[in-house]
Amino acid sequence: MAEILERNGFMVKMKVEVPAGEVQRAYDSVVREYANRYRFPGFRPGKAPAKVVEARLGREALLEETKERLRDDFFPKAVRELELTPVGARLLEEELKEGAPYTFVLEVENYPEAKLPDWTAFNLETQKPEVTEEMVAKALDELRQRYGELVTVERPIEAHDQVFIETEDGSRFPVSMENALEHVREALMGHSAGEEVMVPVKDGEKVVREIKTKITEVKTLQLPELDDEFAKTVGEDDLATLTTKVRESLQAQADREARNRKANEFVDKLAEGMEVEIPPTMLSREEQHLLQHLAEELQAQKLDLGTYLQDLEKQGKLEEFKAKLRSDATRSIRRALAREKLAEDLGTVFTDEEWANYVVELARAYRTNPNALQQELGEETLARLRIQRLHDKAVMEALERIGA
């Protein structure tokens, strides 16, 4: 039997009573397990009576383990009965007398209830970008770059050339003028194949030595003419068709980016205007989650989170870091709760067919098949992804309603 004693926002004080018969069964089970686990002189394994086990291990210790098991078993049943969704719980008091029920009182941090603002009145600032002729021309030029060919030129080196050199020790390698260090570019610029130059080697700003270098060849990227022939090379009938396809592709990309920015702006406004109290346990867990992400990023750079935090403390920036961590965790939780509440209020449904199509697209992106992808991700990750897609759909439904 379970009952709510007090409710104050997300804090709930609840009482659970376990029948005496259940208590006795749990206690007997604990005793039997220890009787099987340990050897008791004069008794075969598992045959030592309860009194012998109690004398060896102590009745109080056995009772403590019994109470712990009863809480683990009956607490989930109690919260289901009371229709609670706990994010944290703390034992306040308990009572267990021989032959009587076991009662315990808990303070529970319940999953928070959120109330959204009137989002139908939102005025979003994100505008749909316009695809200009300059953008189309740039995209066509980048496409030409991909089909360009390096050809040898008999002229002085220019800024976009590929230069082949041979150093005095016989080493040969190419130098991309666009990516070369500034002092290397300065040494080579304006010289031609066959010439020898002195290329400085620097330690910081200081020149430590110069290397005698011969320029063996100068090449430049020769681009194809932007005409119908080039369009056919990339699979289109003519230049007009290619230009139209490029413009449509740019517009589709711009529309996707604008839609994503608009969705983020909408969720930010939704989260900022939402009425909700965030339980401390939920906030603490999100902070730990963010810290774990930071630790993984630092590890990729061969750095340690503990050392990173110590350095912040030495610089007097640790408190600022903690404040930002708390702010980021709060924003993350508010956004998640806002998306969840929106889907609930709209009654959004993400069908099995939509989910199957999404898995196929995801598998294609990872160059695998849907079955292999699902096995690799596992049920827990797949469940999170499905909820995320449901919430994404709810946001898009809301944007359609406000004509955004």
# chains A, B, ... in the order shown; residues from 1 in each chain; ligands from 1
>>> residues_around(residues="Phe350 in chain A", least_positions_apart="5", cutoff="10 Å", atoms="only C-alpha atoms", output="ChimeraX atom specification")
/A:355,386-387,389-394
>>> write_last_selection(atoms="all heavy atoms", output="tab-separated table (two decimals), in the first residue's frame")
chain	number	residue	atom	x	y	z
A	355	TRP	N	9.20	5.91	-38.73
A	355	TRP	CA	10.40	5.43	-38.04
A	355	TRP	C	11.21	4.52	-38.95
A	355	TRP	O	12.44	4.64	-39.03
A	355	TRP	CB	10.02	4.72	-36.75
A	355	TRP	CG	11.14	4.01	-36.08
A	355	TRP	CD1	11.29	2.68	-35.89
A	355	TRP	CD2	12.32	4.61	-35.49
A	355	TRP	NE1	12.46	2.40	-35.24
A	355	TRP	CE2	13.11	3.56	-34.98
A	355	TRP	CE3	12.76	5.91	-35.36
A	355	TRP	CZ2	14.33	3.77	-34.35
A	355	TRP	CZ3	13.98	6.13	-34.73
A	355	TRP	CH2	14.75	5.08	-34.23
A	386	ARG	N	14.07	7.66	-31.43
A	386	ARG	CA	12.66	7.75	-31.84
A	386	ARG	C	11.95	8.87	-31.11
A	386	ARG	O	11.15	9.60	-31.71
A	386	ARG	CB	11.96	6.41	-31.61
A	386	ARG	CG	10.51	6.42	-32.10
A	386	ARG	CD	9.98	5.06	-32.40
A	386	ARG	NE	8.65	5.14	-32.97
A	386	ARG	CZ	8.00	4.13	-33.52
A	386	ARG	NH1	8.59	2.94	-33.58
A	386	ARG	NH2	6.80	4.27	-34.03
A	387	ILE	N	12.23	9.03	-29.83
A	387	ILE	CA	11.64	10.13	-29.07
A	387	ILE	C	12.10	11.47	-29.63
A	387	ILE	O	11.32	12.42	-29.76
A	387	ILE	CB	12.01	10.00	-27.58
A	387	ILE	CG1	11.29	8.79	-26.96
A	387	ILE	CG2	11.65	11.27	-26.81
A	387	ILE	CD1	11.73	8.47	-25.56
A	389	ARG	N	13.00	12.12	-32.70
A	389	ARG	CA	12.31	12.36	-33.97
A	389	ARG	C	10.87	12.78	-33.73
A	389	ARG	O	10.33	13.62	-34.46
A	389	ARG	CB	12.35	11.10	-34.84
A	389	ARG	CG	13.73	10.68	-35.29
A	389	ARG	CD	14.41	11.76	-36.10
A	389	ARG	NE	13.70	12.04	-37.33
A	389	ARG	CZ	13.96	13.05	-38.13
A	389	ARG	NH1	14.89	13.93	-37.80
A	389	ARG	NH2	13.28	13.22	-39.25
A	390	LEU	N	10.23	12.20	-32.72
A	390	LEU	CA	8.86	12.60	-32.36
A	390	LEU	C	8.82	14.07	-31.99
A	390	LEU	O	7.95	14.83	-32.44
A	390	LEU	CB	8.36	11.73	-31.21
A	390	LEU	CG	7.05	12.18	-30.54
A	390	LEU	CD1	5.88	12.01	-31.50
A	390	LEU	CD2	6.80	11.42	-29.25
A	391	HIS	N	9.78	14.49	-31.15
A	391	HIS	CA	9.82	15.89	-30.72
A	391	HIS	C	10.15	16.82	-31.88
A	391	HIS	O	9.61	17.93	-31.97
A	391	HIS	CB	10.84	16.04	-29.58
A	391	HIS	CG	10.45	15.30	-28.35
A	391	HIS	ND1	11.32	15.10	-27.29
A	391	HIS	CD2	9.29	14.69	-27.99
A	391	HIS	CE1	10.71	14.41	-26.35
A	391	HIS	NE2	9.48	14.15	-26.75
A	392	ASP	N	11.05	16.38	-32.78
A	392	ASP	CA	11.36	17.17	-33.98
A	392	ASP	C	10.09	17.39	-34.81
A	392	ASP	O	9.85	18.50	-35.31
A	392	ASP	CB	12.40	16.46	-34.84
A	392	ASP	CG	13.79	16.47	-34.22
A	392	ASP	OD1	14.02	17.28	-33.30
A	392	ASP	OD2	14.65	15.67	-34.65
A	393	LYS	N	9.31	16.33	-34.95
A	393	LYS	CA	8.08	16.43	-35.73
A	393	LYS	C	7.10	17.40	-35.08
A	393	LYS	O	6.42	18.19	-35.78
A	393	LYS	CB	7.44	15.04	-35.87
A	393	LYS	CG	6.20	15.03	-36.75
A	393	LYS	CD	5.62	13.62	-36.88
A	393	LYS	CE	4.36	13.63	-37.75
A	393	LYS	NZ	3.77	12.26	-37.86
A	394	ALA	N	7.03	17.38	-33.76
A	394	ALA	CA	6.13	18.29	-33.05
A	394	ALA	C	6.53	19.75	-33.30
A	394	ALA	O	5.66	20.61	-33.50
A	394	ALA	CB	6.16	17.99	-31.55
>>> residues_around(residues="Lys115 in chain A", least_positions_apart="2", cutoff="9 Å", atoms="only C-alpha atoms", output="PyMOL selection string")
chain A and resi 113+117+273-276+338+341
>>> write_last_selection(atoms="all heavy atoms", output="mmCIF file, in the first residue's frame")
data_model
loop_
_atom_site.group_PDB
_atom_site.id
_atom_site.type_symbol
_atom_site.label_atom_id
_atom_site.label_comp_id
_atom_site.auth_asym_id
_atom_site.auth_seq_id
_atom_site.Cartn_x
_atom_site.Cartn_y
_atom_site.Cartn_z
ATOM 1 N N GLU A 113 6.430 19.072 -13.935
ATOM 2 C CA GLU A 113 5.316 19.405 -14.818
ATOM 3 C C GLU A 113 5.589 20.772 -15.428
ATOM 4 O O GLU A 113 5.923 21.716 -14.733
ATOM 5 C CB GLU A 113 4.001 19.424 -14.039
ATOM 6 C CG GLU A 113 3.600 18.061 -13.500
ATOM 7 C CD GLU A 113 2.268 18.100 -12.778
ATOM 8 O OE1 GLU A 113 1.616 19.170 -12.807
ATOM 9 O OE2 GLU A 113 1.879 17.082 -12.185
ATOM 10 N N PRO A 117 4.233 28.570 -22.813
ATOM 11 C CA PRO A 117 3.624 29.869 -23.098
ATOM 12 C C PRO A 117 2.739 29.768 -24.341
ATOM 13 O O PRO A 117 2.699 28.727 -24.999
ATOM 14 C CB PRO A 117 4.844 30.763 -23.373
ATOM 15 C CG PRO A 117 5.866 29.826 -23.916
ATOM 16 C CD PRO A 117 5.662 28.526 -23.176
ATOM 17 N N GLY A 273 10.027 30.868 -22.119
ATOM 18 C CA GLY A 273 8.724 31.270 -21.587
ATOM 19 C C GLY A 273 8.002 30.203 -20.802
ATOM 20 O O GLY A 273 6.929 30.449 -20.248
ATOM 21 N N MET A 274 8.565 29.013 -20.727
ATOM 22 C CA MET A 274 7.911 27.887 -20.054
ATOM 23 C C MET A 274 7.963 28.025 -18.540
ATOM 24 O O MET A 274 8.972 28.459 -17.975
ATOM 25 C CB MET A 274 8.602 26.595 -20.500
ATOM 26 C CG MET A 274 8.087 25.322 -19.862
ATOM 27 S SD MET A 274 8.968 23.860 -20.490
ATOM 28 C CE MET A 274 10.648 24.228 -19.969
ATOM 29 N N GLU A 275 6.887 27.661 -17.886
ATOM 30 C CA GLU A 275 6.837 27.628 -16.419
ATOM 31 C C GLU A 275 7.173 26.216 -15.953
ATOM 32 O O GLU A 275 6.469 25.268 -16.278
ATOM 33 C CB GLU A 275 5.447 28.023 -15.920
ATOM 34 C CG GLU A 275 5.035 29.444 -16.260
ATOM 35 C CD GLU A 275 3.628 29.757 -15.807
ATOM 36 O OE1 GLU A 275 3.113 29.024 -14.921
ATOM 37 O OE2 GLU A 275 3.024 30.712 -16.330
ATOM 38 N N VAL A 276 8.263 26.085 -15.210
ATOM 39 C CA VAL A 276 8.672 24.767 -14.739
ATOM 40 C C VAL A 276 9.679 24.926 -13.603
ATOM 41 O O VAL A 276 10.442 25.900 -13.568
ATOM 42 C CB VAL A 276 9.300 23.932 -15.884
ATOM 43 C CG1 VAL A 276 10.638 24.494 -16.319
ATOM 44 C CG2 VAL A 276 9.438 22.465 -15.505
ATOM 45 N N ALA A 338 10.579 21.435 -22.928
ATOM 46 C CA ALA A 338 9.688 22.207 -23.794
ATOM 47 C C ALA A 338 9.281 21.386 -25.018
ATOM 48 O O ALA A 338 8.110 21.358 -25.416
ATOM 49 C CB ALA A 338 10.364 23.507 -24.224
ATOM 50 N N LYS A 341 6.871 18.599 -23.861
ATOM 51 C CA LYS A 341 5.538 19.105 -23.542
ATOM 52 C C LYS A 341 4.793 19.520 -24.806
ATOM 53 O O LYS A 341 3.576 19.322 -24.918
ATOM 54 C CB LYS A 341 5.666 20.294 -22.584
ATOM 55 C CG LYS A 341 4.338 20.896 -22.145
ATOM 56 C CD LYS A 341 3.475 19.888 -21.405
ATOM 57 C CE LYS A 341 2.215 20.556 -20.859
ATOM 58 N NZ LYS A 341 1.275 19.562 -20.283
#
>>> select_by_dssp(residues="range 107-309 of chain A", states="alpha helix (DSSP H)", output="number ranges by chain")
A: 133-146, 182-188, 228-233, 239-273, 280-300, 305-309
>>> residues_around(residues="Ala2 in chain A", least_positions_apart="3", cutoff="6 Å", atoms="only C-alpha atoms", output="number ranges by chain")
A: 15-16, 78
>>> write_last_selection(atoms="N, CA and C atoms", output="mmCIF file, in the first residue's frame")
data_model
loop_
_atom_site.group_PDB
_atom_site.id
_atom_site.type_symbol
_atom_site.label_atom_id
_atom_site.label_comp_id
_atom_site.auth_asym_id
_atom_site.auth_seq_id
_atom_site.Cartn_x
_atom_site.Cartn_y
_atom_site.Cartn_z
ATOM 1 N N LYS A 15 4.532 7.482 1.524
ATOM 2 C CA LYS A 15 4.690 6.405 2.504
ATOM 3 C C LYS A 15 4.326 5.086 1.836
ATOM 4 N N VAL A 16 5.152 4.070 2.094
ATOM 5 C CA VAL A 16 4.908 2.736 1.542
ATOM 6 C C VAL A 16 4.823 1.749 2.696
ATOM 7 N N ALA A 78 5.140 1.163 -5.943
ATOM 8 C CA ALA A 78 4.437 2.269 -5.287
ATOM 9 C C ALA A 78 4.333 3.485 -6.199
#
>>> closest_residue(among="A:Asp352, A:Glu205, A:Glu400, A:Glu149", to="Arg259 in chain A", atoms="only C-alpha atoms")
A:Glu400
>>> closest_residue(among="A:Lys77, A:Glu17, A:Asp141, A:Gly306", to="Thr103 in chain A", atoms="only C-alpha atoms")
A:Glu17
>>> atom_distance(atom1="CA of Thr220 in chain A", atom2="CA of Thr132 in chain A")
29.1 Å
>>> closest_residue(among="A:Lys269, A:Val163, A:Ala139, A:Leu57", to="Asn123 in chain A", atoms="only C-alpha atoms")
A:Lys269
>>> residues_around(residues="Ala258 in chain A", least_positions_apart="2", cutoff="12 Å", atoms="only C-alpha atoms", output="number ranges by chain")
A: 124-130, 251-256, 260-265, 404
>>> write_last_selection(atoms="C-alpha atoms", output="mmCIF file, in the first residue's frame")
data_model
loop_
_atom_site.group_PDB
_atom_site.id
_atom_site.type_symbol
_atom_site.label_atom_id
_atom_site.label_comp_id
_atom_site.auth_asym_id
_atom_site.auth_seq_id
_atom_site.Cartn_x
_atom_site.Cartn_y
_atom_site.Cartn_z
ATOM 1 C CA LEU A 124 10.333 34.479 -35.254
ATOM 2 C CA GLU A 125 13.174 36.610 -36.587
ATOM 3 C CA THR A 126 14.854 33.977 -38.748
ATOM 4 C CA GLN A 127 14.312 34.819 -42.405
ATOM 5 C CA LYS A 128 14.459 32.589 -45.457
ATOM 6 C CA PRO A 129 17.776 33.304 -47.212
ATOM 7 C CA GLU A 130 17.818 34.341 -50.866
ATOM 8 C CA GLN A 251 17.916 26.857 -52.474
ATOM 9 C CA ALA A 252 17.078 23.470 -50.950
ATOM 10 C CA GLN A 253 20.177 23.674 -48.746
ATOM 11 C CA ALA A 254 19.324 27.250 -47.724
ATOM 12 C CA ASP A 255 15.756 26.200 -46.912
ATOM 13 C CA ARG A 256 16.980 23.324 -44.714
ATOM 14 C CA ASN A 260 16.724 24.355 -38.607
ATOM 15 C CA ARG A 261 17.578 27.871 -37.396
ATOM 16 C CA LYS A 262 13.893 28.702 -37.163
ATOM 17 C CA ALA A 263 13.208 25.511 -35.198
ATOM 18 C CA ASN A 264 16.035 26.335 -32.770
ATOM 19 C CA GLU A 265 14.759 29.888 -32.323
ATOM 20 C CA ALA A 404 6.736 30.097 -39.953
#
>>> atom_distance(atom1="CA of Glu154 in chain A", atom2="CA of Lys219 in chain A")
8.7 Å
>>> select_by_dssp(residues="range 80-196 of chain A", states="strand (DSSP E)", output="PyMOL selection string")
chain A and resi 86-96+102-110+149-152+162-167+172-176+196
>>> residues_around(residues="Arg247 in chain A", least_positions_apart="6", cutoff="10 Å", atoms="only C-alpha atoms", output="PyMOL selection string")
chain A and resi 131-133+135-137+139-140+241+253
>>> write_last_selection(atoms="C-alpha atoms", output="compact mmCIF listing (two decimals), in the first residue's frame")
# COMPACT_ATOMS: atom_id res chain seq x y z
CA VAL A 131 20.02 32.47 -53.30
CA THR A 132 21.84 35.13 -55.35
CA GLU A 133 23.44 34.90 -58.76
CA MET A 135 26.16 32.25 -54.96
CA VAL A 136 25.24 30.28 -58.09
CA ALA A 137 28.36 31.51 -59.89
CA ALA A 139 29.02 27.05 -56.77
CA LEU A 140 29.60 26.57 -60.50
CA THR A 241 20.06 22.83 -67.08
CA GLN A 253 20.18 23.67 -48.75
>>> residues_around(residues="Val105 in chain A", least_positions_apart="6", cutoff="10 Å", atoms="only C-alpha atoms", output="PyMOL selection string")
chain A and resi 2-5+13-17+90-95
